[in-house]
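Engineer: To start, I am sharing the structure in question, which I have written as structure tokens.
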Amino acid sequence: MLFQNLSPVANGLPAALPPKTHPPLRVANRPSAANLVLAALPHKEYQRMLTGLEPVEVTYGQVLYEPAGRIRHVYFPTDCLVSLLTAIDKHRTLEVGMVGNEGMVGMPMALGIGVSAVRALVQGSGTAMRMTAARFRAEFKKNLPLQRALFRYTHLLMAQVSQTAACNRFHTAEARLARWLLMTADRVHADEFRLTHEFLGHMLGVRRVGVTKAAGVLERKKLIDYSRANIRILDRKRLEAAACACYRIVKNLQDSAQA
């Protein structure tokens with residue numbers, strides 16, 4: 001396999017980031033939020049799943065899976081955010097998807113695959129419901145509502161990943177940054193968070209100077225305020241207008257699936 005037996009540095013993926021140099025994404029007044037996959041289950045199936053689920057705290061920079069690494073747990077985020085990263089080269093990575101309370105981290109398990117193709121990196125600290133891979137495999141086989149919910153989410157995640165690939169190829173850094181900020185805000189339920197230029201560079205696959213330039217464009221238009229690694233969305237409506245169409249395409253799909 002492409003990443004097998006390679007260290008995080010060798011395969012181009014960033015290691016877990018120490019909070020002193022990369023402060024965690026923090027949000028203000030974030031409400032507790034149920035995981036939407038679990039919330040879609042009928043009461044009986046949900047209650048049975050609860051016996052195998054445990055609440056866990058995940059922290060910024062924590063790696064849940066490595067590329068080609070075995071998936072030992074699946075995670076249903078409630079108020080945390082997880083980035084799915086792939087390597088560009090030995091020094092750069094690119095975010096190809098993000099998972100919040102709308103989905104599950106560890107989707108290969110729903111397809112009968114027990115290893116991860118990407119690095120799953122916690123982008124926003126918070127809580128999740130965790131289940132062992134063995135317990136999930138057994139539950140998935142007999143839980144038809146869970147199968148339907150996760151197949152629906154698989155479609156949404158694939159749409160997000162494919163749209164993100166097109167976005168990264170064809171759209172400007174500032175439009176991509178606007179899209180990324182909106183997607184993050186949707187999942188952490190807040191318009192203010194703390195992020196460094198270096199971390200944003202990993203998410204967008206651009207160098208630090210590229211992040212500075214893109215953020216500067218949005219700041220001069222008074223769409224965001226960005227100082228000391230703290231980002232605040234000032235005008236969400238105009239930020240959506242500045243973002244590429246990719247944000248609305250993925251958002252509309254998600255809203256339709258949850259209607």
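By convention here, the chains of the structure tokens are called A, B, ... in the order presented, each chain's residues are numbered starting at 1, and ligands are numbered starting at 1 in the order presented.
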Identify all residues of range 35-155 of chain A in alpha helix (DSSP H) (DSSP on the backbone) and supply them as a PyMOL selection string.
Structural biologist: chain A and resi 36-39+43-50+133-142+144-155
Engineer: Deliver the residues from the most recent selection as a file, using C-alpha atoms, as a PDB file, in the first residue's frame.
Structural biologist:
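Contents of the output file again.pdb:
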ATOM      1  CA  LEU A  36     -27.415  12.912  13.113  1.00  0.00           C
ATOM      2  CA  VAL A  37     -26.705   9.327  12.032  1.00  0.00           C
ATOM      3  CA  LEU A  38     -27.615   8.021  15.478  1.00  0.00           C
ATOM      4  CA  ALA A  39     -30.557  10.420  15.740  1.00  0.00           C
ATOM      5  CA  HIS A  43     -35.739   3.998  19.244  1.00  0.00           C
ATOM      6  CA  LYS A  44     -35.243   0.230  19.487  1.00  0.00           C
ATOM      7  CA  GLU A  45     -32.124   0.137  17.322  1.00  0.00           C
ATOM      8  CA  TYR A  46     -30.739   3.225  18.974  1.00  0.00           C
ATOM      9  CA  GLN A  47     -31.155   1.793  22.467  1.00  0.00           C
ATOM     10  CA  ARG A  48     -29.413  -1.423  21.428  1.00  0.00           C
ATOM     11  CA  MET A  49     -26.518   0.550  19.944  1.00  0.00           C
ATOM     12  CA  LEU A  50     -26.127   2.524  23.155  1.00  0.00           C
ATOM     13  CA  ALA A 133     -14.707  -2.115  15.211  1.00  0.00           C
ATOM     14  CA  ALA A 134     -15.752  -5.659  16.151  1.00  0.00           C
ATOM     15  CA  ARG A 135     -18.941  -4.464  17.863  1.00  0.00           C
ATOM     16  CA  PHE A 136     -19.758  -2.146  14.967  1.00  0.00           C
ATOM     17  CA  ARG A 137     -19.283  -4.925  12.437  1.00  0.00           C
ATOM     18  CA  ALA A 138     -21.730  -7.164  14.311  1.00  0.00           C
ATOM     19  CA  GLU A 139     -24.250  -4.347  14.826  1.00  0.00           C
ATOM     20  CA  PHE A 140     -24.086  -3.193  11.233  1.00  0.00           C
ATOM     21  CA  LYS A 141     -24.963  -6.653   9.914  1.00  0.00           C
ATOM     22  CA  LYS A 142     -28.260  -6.815  11.804  1.00  0.00           C
ATOM     23  CA  LEU A 144     -30.999  -2.248   8.719  1.00  0.00           C
ATOM     24  CA  PRO A 145     -31.819   1.351   9.749  1.00  0.00           C
ATOM     25  CA  LEU A 146     -28.135   1.887  10.570  1.00  0.00           C
ATOM     26  CA  GLN A 147     -27.185   0.498   7.163  1.00  0.00           C
ATOM     27  CA  ARG A 148     -29.574   2.868   5.415  1.00  0.00           C
ATOM     28  CA  ALA A 149     -28.358   5.878   7.438  1.00  0.00           C
ATOM     29  CA  LEU A 150     -24.698   5.133   6.740  1.00  0.00           C
ATOM     30  CA  PHE A 151     -25.223   4.367   3.058  1.00  0.00           C
ATOM     31  CA  ARG A 152     -26.958   7.737   2.781  1.00  0.00           C
ATOM     32  CA  TYR A 153     -24.044   9.364   4.577  1.00  0.00           C
ATOM     33  CA  THR A 154     -21.561   7.518   2.323  1.00  0.00           C
ATOM     34  CA  HIS A 155     -23.203   9.228  -0.634  1.00  0.00           C
TER      35      HIS A 155
END
Engineer: Would you mind telling me which residue in A:Ala190, A:Val118, A:Val206, A:Leu182 lies nearest to Cys246 in chain A when using only C-alpha atoms?
Structural biologist: A:Leu182
Engineer: Just the strand (DSSP E) stuff from range 125-231 of chain A, please, per backbone DSSP, written as a list in words.
Structural biologist: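 Restricting range 125-231 of chain A to strand (DSSP E) produces Gly126, Thr127, Ala128, Met129, Arg130, Met131, Thr132, Glu192, Phe193, Arg194, Ile224, Asp225, Tyr226, Ser227, Asn230 and Ile231 of chain A.
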Engineer: Would you save the residues from that selection as a short mmCIF file (atom, residue, chain, number, x, y, z; two decimals), in the first residue's frame, using C-alpha atoms?
Structural biologist:
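So the final result, stored in out_26.cif, reads:
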data_model
loop_
_atom_site.label_atom_id
_atom_site.label_comp_id
_atom_site.auth_asym_id
_atom_site.auth_seq_id
_atom_site.Cartn_x
_atom_site.Cartn_y
_atom_site.Cartn_z
CA GLY A 126 -15.06 17.94 21.61
CA THR A 127 -16.96 14.73 22.24
CA ALA A 128 -17.92 11.70 20.19
CA MET A 129 -19.62 8.35 20.72
CA ARG A 130 -17.14 5.53 20.10
CA MET A 131 -17.68 1.84 19.28
CA THR A 132 -15.13 -0.91 18.76
CA GLU A 192 -15.44 32.11 15.81
CA PHE A 193 -12.55 29.70 16.16
CA ARG A 194 -8.79 29.66 16.70
CA ILE A 224 -13.68 37.92 8.52
CA ASP A 225 -11.48 39.19 11.30
CA TYR A 226 -8.18 37.31 11.63
CA SER A 227 -5.71 38.27 14.34
CA ASN A 230 -8.25 33.86 15.95
CA ILE A 231 -10.77 33.86 13.09
#
Engineer: Just how far from CA of Leu81 in chain A is CA of Gln254 in chain A, in Å to one decimal?
Structural biologist: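 Separation between CA of Gln254 in chain A and CA of Leu81 in chain A: 16.4 Å.
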Engineer: Using only C-alpha atoms for the distances, tell me which of A:Lys251, A:Arg119, A:Lys237, A:Arg187 is nearest to Gln163 in chain A.
Structural biologist: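 Result for the nearest residue to Gln163 in chain A: A:Lys251.
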Engineer: Could you tell me which of A:Val96, A:Leu111, A:Val217, A:Cys80 comes closest to Val56 in chain A if we count only C-alpha atoms?
Structural biologist: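 Ranked by minimum distance to Val56 in chain A, first place goes to A:Cys80.
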Engineer: Smallest atom-to-atom distance to Leu253 in chain A: which of A:Thr51, A:Thr196, A:Gln160, A:Thr184, using only C-alpha atoms?
Structural biologist: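 Comparing A:Thr51, A:Thr196, A:Gln160, A:Thr184 against Leu253 in chain A, the winner is A:Gln160.
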Engineer: Just to confirm, what's the straight-line distance from CA of Asp235 in chain A to CA of Val250 in chain A in Å (one decimal)?
Structural biologist: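 Between CA of Asp235 in chain A and CA of Val250 in chain A the gap is 20.4 Å.
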Engineer: Can you tell me, as a list in words, what residues are no more than 10 Å from Val211 in chain A when counting only C-alpha atoms, ignoring any on the same chain fewer than 3 positions away?
Structural biologist: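 Counting only C-alpha atoms, the residues come to Ala173, Glu174, Leu177, Thr196, His197, Glu198, Phe199, Leu200, Gly201, His202, Leu204, Gly205, Val206, Arg207, Arg208, Ala214, Ala215, Gly216 and Val217 of chain A.
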Engineer: Please indicate the distance in Å from CA of Tyr65 in chain A to CA of His189 in chain A, rounded to one decimal place.
Structural biologist: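 Pair CA of Tyr65 in chain A / CA of His189 in chain A returns 24.7 Å.
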Engineer: Give me the residues near Asp255 in chain A as a list in words, where near means some atom within 12 Å (using only C-alpha atoms) and where sequence neighbours in that chain fewer than 6 positions away do not count.
Structural biologist: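 So the residues in contact are Leu36, Glu102, Tyr153, Leu156, Asp186, Arg248 and Ile249 of chain A.
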Engineer: With only C-alpha atoms as the basis for distance, which of A:His171, A:Val188, A:Thr86, A:Leu195 is at the shortest distance from Pro67 in chain A?
Structural biologist: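 Closest to Pro67 in chain A of all the choices is A:Thr86.
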Engineer: Of the residues A:Cys244, A:Glu219, A:Lys213, A:Gly114, which is the one nearest to Phe170 in chain A, using only C-alpha atoms?
Structural biologist: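 Comparing A:Cys244, A:Glu219, A:Lys213, A:Gly114 against Phe170 in chain A, the winner is A:Cys244.
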